[in-house]
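Engineer: Sharing a structure, written as structure tokens. Questions coming.
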Amino acid sequence: MAVADNDALGGCLFCDDFDDGVFSNIAWTFSPAGNAWIEAAGKLNETGTRSATAVASPVFGGCRLCAIDTSFQTSGGATSHVSLIGWYLDDRNYVELLIRERDDLWVLRQYANGTITAKVRAKRAILPDHPYAVRMSFDGTRISVAVDGAALLNMVPGSPPPVGTVGFDLKGTTASFDYVRVN
Ligand SMILES: [Ca+2]
Ligand SMILES: [Ca+2]
């Protein structure tokens, strides 16, 4: 089975630098199924008018007390949003950091049993096609988000507590992800 280039960034629970031009549709799960996420120019790239999701399953079994790093960028657009997904158990139980370029809006929220159980939001400039380095981490009490090294959001998640794998989602735009690293 083809696996992600898991060791390219050094020690990690799971990481992929998206640098080898091969993105496995066996290692990752896509929604809609068969959607073409393309690894090119050192990044994972996707364009979607409708929602498109890629989840690192089965390649990564998930984590609970962990930190997820990525660098992502979006071309933005009127109805666009892009998300970094963490602690993904299934499509009813996960955490996401969602950004809306048009509104310069950053939203951190948890879905538990299909319902939003925790949510915080902040304004911070989002420039089209500008990369942002993001860390989303859970210490057992709070989920925190830092952007380019500066704290931006945190929240206490509801029940059940988050656990699971990582992924990406977008709608109405083009987005690129330089790497994902979980520790
Ligand atoms: Ca690859
Ligand atoms: Ca890369």
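We name chains A, B, ... following the order of the structure tokens; residues begin at 1 in each chain, and ligands are numbered from 1 as shown.
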Pick out the residues sitting within 6 Å of range 120-128 of chain A, and hand them over as a ChimeraX atom specification; count only C-alpha atoms, and ignore anything fewer than 6 positions along from it in its own chain.
Structural biologist: /A:74-76,101,104-108
Engineer: Need the shell around Ser51 in chain A: protein/DNA/RNA residues with any atom at most 8 Å away, counting only C-alpha atoms. Skip same-chain ones fewer than 3 positions apart. Format as a PyMOL selection string?
Structural biologist: chain A and resi 48+169-172
Engineer: Which residue, A:Leu89, A:Ala175, A:Leu13, A:Ala146, has the smallest gap to Gly77 in chain A when you use only C-alpha atoms?
Structural biologist: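 Once distances to Gly77 in chain A are computed over only C-alpha atoms, the minimum belongs to A:Ala175.
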Engineer: Would you pick out the contacts of Gly42 in chain A at 8 Å or less, using only C-alpha atoms, so that residues sharing its chain but fewer than 2 positions from it are not included, and give the list as a PyMOL selection string?
Structural biologist: chain A and resi 17-21+39-40+44+178
Engineer: Generate a file of the selected residues that holds C-alpha atoms, formatted as a PDB file, in the first residue's frame.
Structural biologist:
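That gives us part.pdb:
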```pdb
ATOM      1  CA  ASP A  17       5.188  17.218   3.352  1.00  0.00           C
ATOM      2  CA  PHE A  18       3.231  16.686   0.101  1.00  0.00           C
ATOM      3  CA  ASP A  19       6.536  16.991  -1.736  1.00  0.00           C
ATOM      4  CA  ASP A  20       6.848  13.777  -3.756  1.00  0.00           C
ATOM      5  CA  GLY A  21       4.039  14.375  -6.243  1.00  0.00           C
ATOM      6  CA  GLU A  39       0.038  16.881  -5.039  1.00  0.00           C
ATOM      7  CA  ALA A  40       2.128  19.263  -7.125  1.00  0.00           C
ATOM      8  CA  LEU A  44      -1.531  19.385  -1.780  1.00  0.00           C
ATOM      9  CA  ASP A 178       2.233  22.788   2.124  1.00  0.00           C
TER      10      ASP A 178
END
```
Engineer: Mind checking which residues fall within 12 Å of Ala52 in chain A, counting only C-alpha atoms, ignoring those fewer than 6 positions away in the same chain, and posting them as a list in words?
Structural biologist: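 In the requested format, the answer is Thr29, Phe30, Ser31, Pro32, Ala33, Gly34, Asn35, Ala36, Trp37, Asn45, Glu46, Ser80, His81, Val82, Ser83, Gly167, Phe168, Asp169, Leu170, Lys171, Gly172, Thr173, Thr174 and Ala175 of chain A.
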Engineer: Any chance you could export the current selection's N, CA and C atoms as a PDB file, in the first residue's frame?
Structural biologist:
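Below is the file that was written, again-v7.pdb:
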```pdb
ATOM      1  N   THR A  29      -8.868   9.403   2.671  1.00  0.00           N
ATOM      2  CA  THR A  29     -10.269   9.223   2.296  1.00  0.00           C
ATOM      3  C   THR A  29     -10.829  10.553   1.805  1.00  0.00           C
ATOM      4  N   PHE A  30     -11.489  10.513   0.657  1.00  0.00           N
ATOM      5  CA  PHE A  30     -12.016  11.735   0.052  1.00  0.00           C
ATOM      6  C   PHE A  30     -13.533  11.753   0.087  1.00  0.00           C
ATOM      7  N   SER A  31     -14.058  12.956   0.217  1.00  0.00           N
ATOM      8  CA  SER A  31     -15.489  13.164   0.065  1.00  0.00           C
ATOM      9  C   SER A  31     -15.701  14.411  -0.769  1.00  0.00           C
ATOM     10  N   PRO A  32     -16.401  14.365  -1.895  1.00  0.00           N
ATOM     11  CA  PRO A  32     -16.971  13.153  -2.463  1.00  0.00           C
ATOM     12  C   PRO A  32     -15.879  12.159  -2.870  1.00  0.00           C
ATOM     13  N   ALA A  33     -16.236  10.878  -2.863  1.00  0.00           N
ATOM     14  CA  ALA A  33     -15.297   9.827  -3.235  1.00  0.00           C
ATOM     15  C   ALA A  33     -14.806  10.075  -4.657  1.00  0.00           C
ATOM     16  N   GLY A  34     -13.532   9.831  -4.877  1.00  0.00           N
ATOM     17  CA  GLY A  34     -12.969   9.984  -6.208  1.00  0.00           C
ATOM     18  C   GLY A  34     -12.591  11.406  -6.566  1.00  0.00           C
ATOM     19  N   ASN A  35     -12.827  12.340  -5.646  1.00  0.00           N
ATOM     20  CA  ASN A  35     -12.417  13.707  -5.909  1.00  0.00           C
ATOM     21  C   ASN A  35     -10.897  13.767  -6.079  1.00  0.00           C
ATOM     22  N   ALA A  36     -10.451  14.603  -6.979  1.00  0.00           N
ATOM     23  CA  ALA A  36      -9.031  14.634  -7.309  1.00  0.00           C
ATOM     24  C   ALA A  36      -8.304  15.702  -6.510  1.00  0.00           C
ATOM     25  N   TRP A  37      -7.661  15.297  -5.438  1.00  0.00           N
ATOM     26  CA  TRP A  37      -6.737  16.176  -4.746  1.00  0.00           C
ATOM     27  C   TRP A  37      -5.369  15.909  -5.359  1.00  0.00           C
ATOM     28  N   ASN A  45      -3.121  20.252  -3.394  1.00  0.00           N
ATOM     29  CA  ASN A  45      -3.945  21.291  -4.003  1.00  0.00           C
ATOM     30  C   ASN A  45      -5.316  20.739  -4.352  1.00  0.00           C
ATOM     31  N   GLU A  46      -6.319  21.598  -4.176  1.00  0.00           N
ATOM     32  CA  GLU A  46      -7.664  21.200  -4.534  1.00  0.00           C
ATOM     33  C   GLU A  46      -8.476  22.433  -4.895  1.00  0.00           C
ATOM     34  N   SER A  80     -16.298  31.443  -0.428  1.00  0.00           N
ATOM     35  CA  SER A  80     -15.300  30.416  -0.149  1.00  0.00           C
ATOM     36  C   SER A  80     -15.108  30.190   1.347  1.00  0.00           C
ATOM     37  N   HIS A  81     -14.766  28.970   1.677  1.00  0.00           N
ATOM     38  CA  HIS A  81     -14.175  28.698   2.979  1.00  0.00           C
ATOM     39  C   HIS A  81     -13.237  27.513   2.862  1.00  0.00           C
ATOM     40  N   VAL A  82     -12.246  27.523   3.768  1.00  0.00           N
ATOM     41  CA  VAL A  82     -11.223  26.476   3.808  1.00  0.00           C
ATOM     42  C   VAL A  82     -11.035  26.090   5.261  1.00  0.00           C
ATOM     43  N   SER A  83     -10.861  24.781   5.514  1.00  0.00           N
ATOM     44  CA  SER A  83     -10.724  24.306   6.887  1.00  0.00           C
ATOM     45  C   SER A  83      -9.537  23.373   7.057  1.00  0.00           C
ATOM     46  N   GLY A 167      -7.401  16.362   8.647  1.00  0.00           N
ATOM     47  CA  GLY A 167      -7.827  16.479   7.260  1.00  0.00           C
ATOM     48  C   GLY A 167      -7.997  17.924   6.846  1.00  0.00           C
ATOM     49  N   PHE A 168      -8.545  18.076   5.636  1.00  0.00           N
ATOM     50  CA  PHE A 168      -8.764  19.400   5.052  1.00  0.00           C
ATOM     51  C   PHE A 168     -10.123  19.424   4.377  1.00  0.00           C
ATOM     52  N   ASP A 169     -10.671  20.636   4.310  1.00  0.00           N
ATOM     53  CA  ASP A 169     -11.943  20.811   3.623  1.00  0.00           C
ATOM     54  C   ASP A 169     -11.938  22.169   2.939  1.00  0.00           C
ATOM     55  N   LEU A 170     -12.623  22.262   1.823  1.00  0.00           N
ATOM     56  CA  LEU A 170     -12.788  23.560   1.178  1.00  0.00           C
ATOM     57  C   LEU A 170     -14.081  23.574   0.395  1.00  0.00           C
ATOM     58  N   LYS A 171     -14.496  24.799   0.086  1.00  0.00           N
ATOM     59  CA  LYS A 171     -15.679  24.984  -0.751  1.00  0.00           C
ATOM     60  C   LYS A 171     -15.569  26.326  -1.464  1.00  0.00           C
ATOM     61  N   GLY A 172     -15.854  26.316  -2.754  1.00  0.00           N
ATOM     62  CA  GLY A 172     -15.953  27.559  -3.505  1.00  0.00           C
ATOM     63  C   GLY A 172     -14.646  28.265  -3.747  1.00  0.00           C
ATOM     64  N   THR A 173     -13.556  27.522  -3.773  1.00  0.00           N
ATOM     65  CA  THR A 173     -12.272  28.178  -3.956  1.00  0.00           C
ATOM     66  C   THR A 173     -11.206  27.145  -4.318  1.00  0.00           C
ATOM     67  N   THR A 174      -9.985  27.639  -4.465  1.00  0.00           N
ATOM     68  CA  THR A 174      -8.800  26.803  -4.593  1.00  0.00           C
ATOM     69  C   THR A 174      -7.966  26.992  -3.338  1.00  0.00           C
ATOM     70  N   ALA A 175      -7.433  25.892  -2.827  1.00  0.00           N
ATOM     71  CA  ALA A 175      -6.572  25.974  -1.651  1.00  0.00           C
ATOM     72  C   ALA A 175      -5.376  25.058  -1.828  1.00  0.00           C
TER      73      ALA A 175
END
```
Engineer: From the list A:Val180, A:Val156, A:Val163, A:Ala118, which residue is nearest ligand 2 when using only C-alpha atoms and all ligand atoms?
Structural biologist: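 Looking only at the distances to ligand 2, the closest residue turns out to be A:Val180.
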Engineer: Just the number, please: distance in Å from CA of Phe72 in chain A to CA of Arg50 in chain A, one decimal.
Structural biologist: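 Going from CA of Phe72 in chain A over to CA of Arg50 in chain A covers 19.0 Å.
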Engineer: Identify, with DSSP run on backbone atoms, the residues in range 50-99 of chain A assigned to strand (DSSP E or B), and express the list as number ranges by chain.
Structural biologist: A: 52-55, 63, 67-74, 81-90, 93-99
Engineer: Using only C-alpha atoms and all ligand atoms, find the one residue out of A:Cys15, A:Val147, A:Ile99, A:Val134 that sits nearest to ligand 2.
Structural biologist: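 Closest residue, counting only C-alpha atoms and all ligand atoms: A:Cys15.
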Engineer: If we count only C-alpha atoms, what is near range 111-115 of chain A at a cut-off of 8 Å, once residues fewer than 5 positions away on the same chain are taken out, given as a list in words?
Structural biologist: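 Counting only the stated atoms, we get Asp91, Arg92, Asn93, Tyr94, Val95, Gly158, Ser159 and Pro160 of chain A.
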Engineer: Can you tell me how far CA of Ala150 in chain A sits from CA of Asp16 in chain A, in Å to one decimal?
Structural biologist: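 Between CA of Ala150 in chain A and CA of Asp16 in chain A the gap is 23.4 Å.
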Engineer: Considering only C-alpha atoms and all ligand atoms, state which residue in the set A:Val22, A:Asp129, A:Met136, A:Lys119 is at the smallest distance from ligand 1.
Structural biologist: A:Val22
Engineer: Can you work out the spacing between CA of Thr49 in chain A and CA of Arg102 in chain A in Å, to one decimal?
Structural biologist: 15.7 Å
Engineer: Measuring between only C-alpha atoms and all ligand atoms, which one of A:Gly149, A:Val166, A:Tyr179, A:Asp69 shows the shortest distance to ligand 1?
Structural biologist: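 Using only C-alpha atoms and all ligand atoms, ligand 1 sits closest to A:Tyr179.
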